Amino acid sequence: MAATLAKEAGSATRAADALDVAARVEHVSKSFTTPAGQQLVLDDITLDVNQGEFVTLLGASGCGKSTLLNLVAGLDRPSAGSIGTDGRPALMFQEHALFPWLTAGRNIELALRLRGLPKAERRPRAEELLELVRLRGAYGKRVHELSGGMRQRVALARALAQDSKLLLMDEPFAALDAITRDVLHDELTRIWRETRVSVLFVTHNVREAVRLAQRVVLLSSRPGRVAREWTVDIEQPRRIEDAAVAELSAEITEELRGEIRRHGQH
Amino acid sequence: MGSTETTASATGEDGRRSAPERDGRRDTHDLAGLEAGLDALDTVQTRRAPLRETLVQKVLPPVTAVLLVLVVWQVLVWAEVTDSYKLPSPGAVWQEVENAWLQGTLVDYIWTSVSRGMFGFLLALLIGTPLGLVVARVRFVRAAIGPVLSGLQSLPSVAWVPPAVIWLGLNDKMMYAVILLGAVPSIANGLVSGVDQVPPLFLRAGRTLGATGLRGTWHIVMPAALPGYLAGLKQGWAFSWRSLMAAEIIAQSPDLGMGLGQLLEAGRTNSSMSQVFLAILLILVVGIAIDLLIFSPLERWVLRSRGLLVK
């Protein structure tokens, strides 16, 4: 709650914000205690997400990308290092995580309510957000009445309802079929460009990473370290089947395979 | 749709939503159409079962079962398997119902017990709900009284009647005490298991939306735990009703009036087996009726609205 208040107060003097980036991760390490002893999951990660930037975090399993996202979201604390974000980030999961006891519209209104928006403004704002994800008629629909793709769009609308400057996405399209995922890539790009929100998007799908991002960060596995970064200079809107996307994807995939191969050698 | 969005956002309140005006390269209307098509293809169609289907599938089986029991009962009476004072015929019990109805006492018997049971249940609800919430959410409290609370469920509430009579005397207070001791643990335990079964994802989602502490409990935990809580309420009612009957059978006093339990005990002292059967039947019918009229519809409504009910 304190974070919300701080953020509300901060929004008036946005230009004077201490943090000139949406998120700053500095020398962050994270280890968990397991029966086998201390296990280092993230090792000395340093990463900035600039205001309005779209960054994808890419890695094989065990690279700790979801752990890193949880740390940035403030759901967990790093073992070492520091993390700063401009206000409380919004988070979107692989599962839609919509509340089944509320309608699509009410899910969004709950987010608005929890960030302190007055009652009279909630309904119109929720309708506006549903329109943004092209679900104008879905206000009164229950979650189970929506398809997988529609649920993720409502979840996106709910995340945007938080009016955060940073949107964290944890493999949000991984459970969707290829056609729906392709359409949602187009939608996410459109919405990102319309809202100018900063996005940190976690995925293990190389093409998805290249299709969406301005910058791709490859993490190595066990422990997770920043292995390499690519700036994606292909003009948006892109298509997943564009030659330029395929070319860069091939290069990144080769690097990713190299990272994975190292683990077979011990 | 797309164009109104852009004009609205150009004058947007905080300037963050000013869209870059290079949307043209890909036809956005094409994307909207594609998406509308996908939505239409993927949307699940649900329908309510027509009345006739409900009658055949839901009403017919229990009616058949009841008729079958009546037939077997009547056959046993005709076959004279035992003395007639031990096994009255269905007709004799029906006669008992008719008499009580004509004398106007039938509704009194039922109302005396149901009003007591319901009031006791509401008290149990008021105590059991916060208790369950505290046990579910506070680790120390759970470790301290959690096991006792589930252990209490297996203690027959009849056991509470003698101490309740000694402490409180032969009055309504004693009845409520017995009901509370029977129903509060059920309701609290139902809520505890409901809270335990809340998917962690909902809690994480709630926390990122800013629902922490009491706001998290109110907006996320309570509604998410509602199905388990309702199951607890249902069981709590069953326990209230059983405890009350135990108390009414044992505690006899003119001040207590004539409830169904007292009717049963009176039948035994009068050696009127048909009256005993009447009382047992009424106790059963009331228990089932309350469940059917209140708890089952409530539970079905909650499950249906969450898509957890297939039919």
# chains A, B, ... in the order shown; residues from 1 in each chain; ligands from 1

call {"tool": "closest_atom_pairs", "arguments": {"of": "chain A", "to": "chain B", "cutoff": "6 Å", "atoms": "only C-alpha atoms", "output": "Markdown table"}}
result
| residue | atom | partner | partner_atom | distance |
| --- | --- | --- | --- | --- |
| A:Pro100 | CA | B:Arg306 | CA | 5.2 |
| A:Trp101 | CA | B:Arg306 | CA | 5.8 |
| A:Ala111 | CA | B:Leu209 | CA | 5.8 |
| A:Leu114 | CA | B:Gly210 | CA | 6.0 |
| A:His144 | CA | B:Gly307 | CA | 5.4 |
| A:Leu146 | CA | B:Thr43 | CA | 5.9 |
| A:Ser147 | CA | B:Asp42 | CA | 5.3 |
| A:Glu194 | CA | B:Ala19 | CA | 4.2 |
| A:Thr195 | CA | B:Arg17 | CA | 4.2 |

call {"tool": "residues_around", "arguments": {"residues": "Ser249 in chain A", "least_positions_apart": "4", "cutoff": "7 Å", "atoms": "only C-alpha atoms", "output": "list in words"}}
result
Val206, Arg207, Val210, Val245 and Thr253 of chain A

call {"tool": "write_last_selection", "arguments": {"atoms": "N, CA and C atoms", "output": "PDB file, in the first residue's frame"}}
result
ATOM      1  N   VAL A 206      12.785 -18.532 -28.483  1.00  0.00           N
ATOM      2  CA  VAL A 206      13.717 -17.568 -29.084  1.00  0.00           C
ATOM      3  C   VAL A 206      13.006 -16.654 -30.085  1.00  0.00           C
ATOM      4  N   ARG A 207      12.184 -17.257 -30.933  1.00  0.00           N
ATOM      5  CA  ARG A 207      11.497 -16.451 -31.952  1.00  0.00           C
ATOM      6  C   ARG A 207      10.557 -15.431 -31.324  1.00  0.00           C
ATOM      7  N   VAL A 210      12.612 -12.540 -30.127  1.00  0.00           N
ATOM      8  CA  VAL A 210      13.071 -11.647 -31.193  1.00  0.00           C
ATOM      9  C   VAL A 210      11.894 -10.903 -31.819  1.00  0.00           C
ATOM     10  N   VAL A 245      13.846 -11.730 -38.546  1.00  0.00           N
ATOM     11  CA  VAL A 245      13.567 -12.358 -37.249  1.00  0.00           C
ATOM     12  C   VAL A 245      14.175 -13.754 -37.214  1.00  0.00           C
ATOM     13  N   THR A 253      19.711 -18.869 -31.059  1.00  0.00           N
ATOM     14  CA  THR A 253      19.498 -20.281 -30.745  1.00  0.00           C
ATOM     15  C   THR A 253      20.834 -21.018 -30.647  1.00  0.00           C
TER      16      THR A 253
END

call {"tool": "residues_around", "arguments": {"residues": "Leu117 in chain A", "least_positions_apart": "4", "cutoff": "12 Å", "atoms": "only C-alpha atoms", "output": "PDB file with N, CA and C atoms, in the first residue's frame"}}
result
ATOM      1  N   THR A   4       1.924   2.110  -3.348  1.00  0.00           N
ATOM      2  CA  THR A   4       0.909   2.771  -4.159  1.00  0.00           C
ATOM      3  C   THR A   4       0.889   4.265  -3.869  1.00  0.00           C
ATOM      4  N   LEU A   5       0.889   4.566  -2.566  1.00  0.00           N
ATOM      5  CA  LEU A   5       0.828   5.966  -2.163  1.00  0.00           C
ATOM      6  C   LEU A   5       2.033   6.719  -2.703  1.00  0.00           C
ATOM      7  N   GLU A   8       1.495   7.240  -6.328  1.00  0.00           N
ATOM      8  CA  GLU A   8       0.491   8.261  -6.635  1.00  0.00           C
ATOM      9  C   GLU A   8       1.107   9.648  -6.470  1.00  0.00           C
ATOM     10  N   ILE A 108     -10.824  -6.375 -13.515  1.00  0.00           N
ATOM     11  CA  ILE A 108     -10.073  -5.153 -13.820  1.00  0.00           C
ATOM     12  C   ILE A 108     -10.377  -4.081 -12.787  1.00  0.00           C
ATOM     13  N   GLU A 109     -11.669  -3.990 -12.405  1.00  0.00           N
ATOM     14  CA  GLU A 109     -12.047  -2.978 -11.417  1.00  0.00           C
ATOM     15  C   GLU A 109     -11.394  -3.217 -10.061  1.00  0.00           C
ATOM     16  N   LEU A 110     -11.167  -4.501  -9.733  1.00  0.00           N
ATOM     17  CA  LEU A 110     -10.498  -4.784  -8.454  1.00  0.00           C
ATOM     18  C   LEU A 110      -9.093  -4.183  -8.461  1.00  0.00           C
ATOM     19  N   ALA A 111      -8.389  -4.342  -9.591  1.00  0.00           N
ATOM     20  CA  ALA A 111      -7.047  -3.761  -9.700  1.00  0.00           C
ATOM     21  C   ALA A 111      -7.118  -2.246  -9.558  1.00  0.00           C
ATOM     22  N   LEU A 112      -8.137  -1.640 -10.178  1.00  0.00           N
ATOM     23  CA  LEU A 112      -8.302  -0.182 -10.099  1.00  0.00           C
ATOM     24  C   LEU A 112      -8.593   0.240  -8.663  1.00  0.00           C
ATOM     25  N   ARG A 113      -9.444  -0.547  -8.007  1.00  0.00           N
ATOM     26  CA  ARG A 113      -9.832  -0.241  -6.631  1.00  0.00           C
ATOM     27  C   ARG A 113      -8.626  -0.327  -5.705  1.00  0.00           C
ATOM     28  N   GLU A 121     -14.972   6.278 -11.157  1.00  0.00           N
ATOM     29  CA  GLU A 121     -14.088   6.230 -12.320  1.00  0.00           C
ATOM     30  C   GLU A 121     -13.758   4.811 -12.755  1.00  0.00           C
ATOM     31  N   ARG A 122     -14.092   3.832 -11.879  1.00  0.00           N
ATOM     32  CA  ARG A 122     -13.625   2.468 -12.156  1.00  0.00           C
ATOM     33  C   ARG A 122     -14.287   1.851 -13.379  1.00  0.00           C
ATOM     34  N   ARG A 123     -15.613   1.916 -13.409  1.00  0.00           N
ATOM     35  CA  ARG A 123     -16.324   1.262 -14.504  1.00  0.00           C
ATOM     36  C   ARG A 123     -15.904   1.794 -15.872  1.00  0.00           C
ATOM     37  N   PRO A 124     -15.925   3.138 -16.068  1.00  0.00           N
ATOM     38  CA  PRO A 124     -15.503   3.637 -17.379  1.00  0.00           C
ATOM     39  C   PRO A 124     -14.069   3.251 -17.726  1.00  0.00           C
ATOM     40  N   ARG A 125     -13.182   3.290 -16.730  1.00  0.00           N
ATOM     41  CA  ARG A 125     -11.781   2.944 -16.995  1.00  0.00           C
ATOM     42  C   ARG A 125     -11.658   1.456 -17.374  1.00  0.00           C
ATOM     43  N   ALA A 126     -12.436   0.592 -16.686  1.00  0.00           N
ATOM     44  CA  ALA A 126     -12.399  -0.842 -16.992  1.00  0.00           C
ATOM     45  C   ALA A 126     -12.888  -1.089 -18.423  1.00  0.00           C
ATOM     46  N   ALA A 161      -4.280  -2.028 -15.768  1.00  0.00           N
ATOM     47  CA  ALA A 161      -5.121  -1.238 -14.853  1.00  0.00           C
ATOM     48  C   ALA A 161      -4.316  -0.733 -13.664  1.00  0.00           C
ATOM     49  N   GLN A 162      -3.230  -1.401 -13.353  1.00  0.00           N
ATOM     50  CA  GLN A 162      -2.405  -0.950 -12.230  1.00  0.00           C
ATOM     51  C   GLN A 162      -1.672   0.336 -12.553  1.00  0.00           C
ATOM     52  N   ASP A 163      -1.676   0.702 -13.843  1.00  0.00           N
ATOM     53  CA  ASP A 163      -1.027   1.922 -14.290  1.00  0.00           C
ATOM     54  C   ASP A 163       0.432   1.974 -13.851  1.00  0.00           C
TER      55      ASP A 163
END

call {"tool": "residues_around", "arguments": {"residues": "Ala92 in chain B", "least_positions_apart": "5", "cutoff": "12 Å", "atoms": "only C-alpha atoms", "output": "number ranges by chain"}}
result
B: 74, 77, 84-85, 87, 97-99, 272-278

call {"tool": "atom_distance", "arguments": {"atom1": "CA of Ala238 in chain B", "atom2": "CA of Gly287 in chain B"}}
result
7.1 Å

call {"tool": "select_by_dssp", "arguments": {"residues": "range 33-257 of chain A", "states": "alpha helix (DSSP H)", "output": "PyMOL selection string"}}
result
chain A and resi 65-73+104-114+119-132+148-161+178-195+206-212+243-257
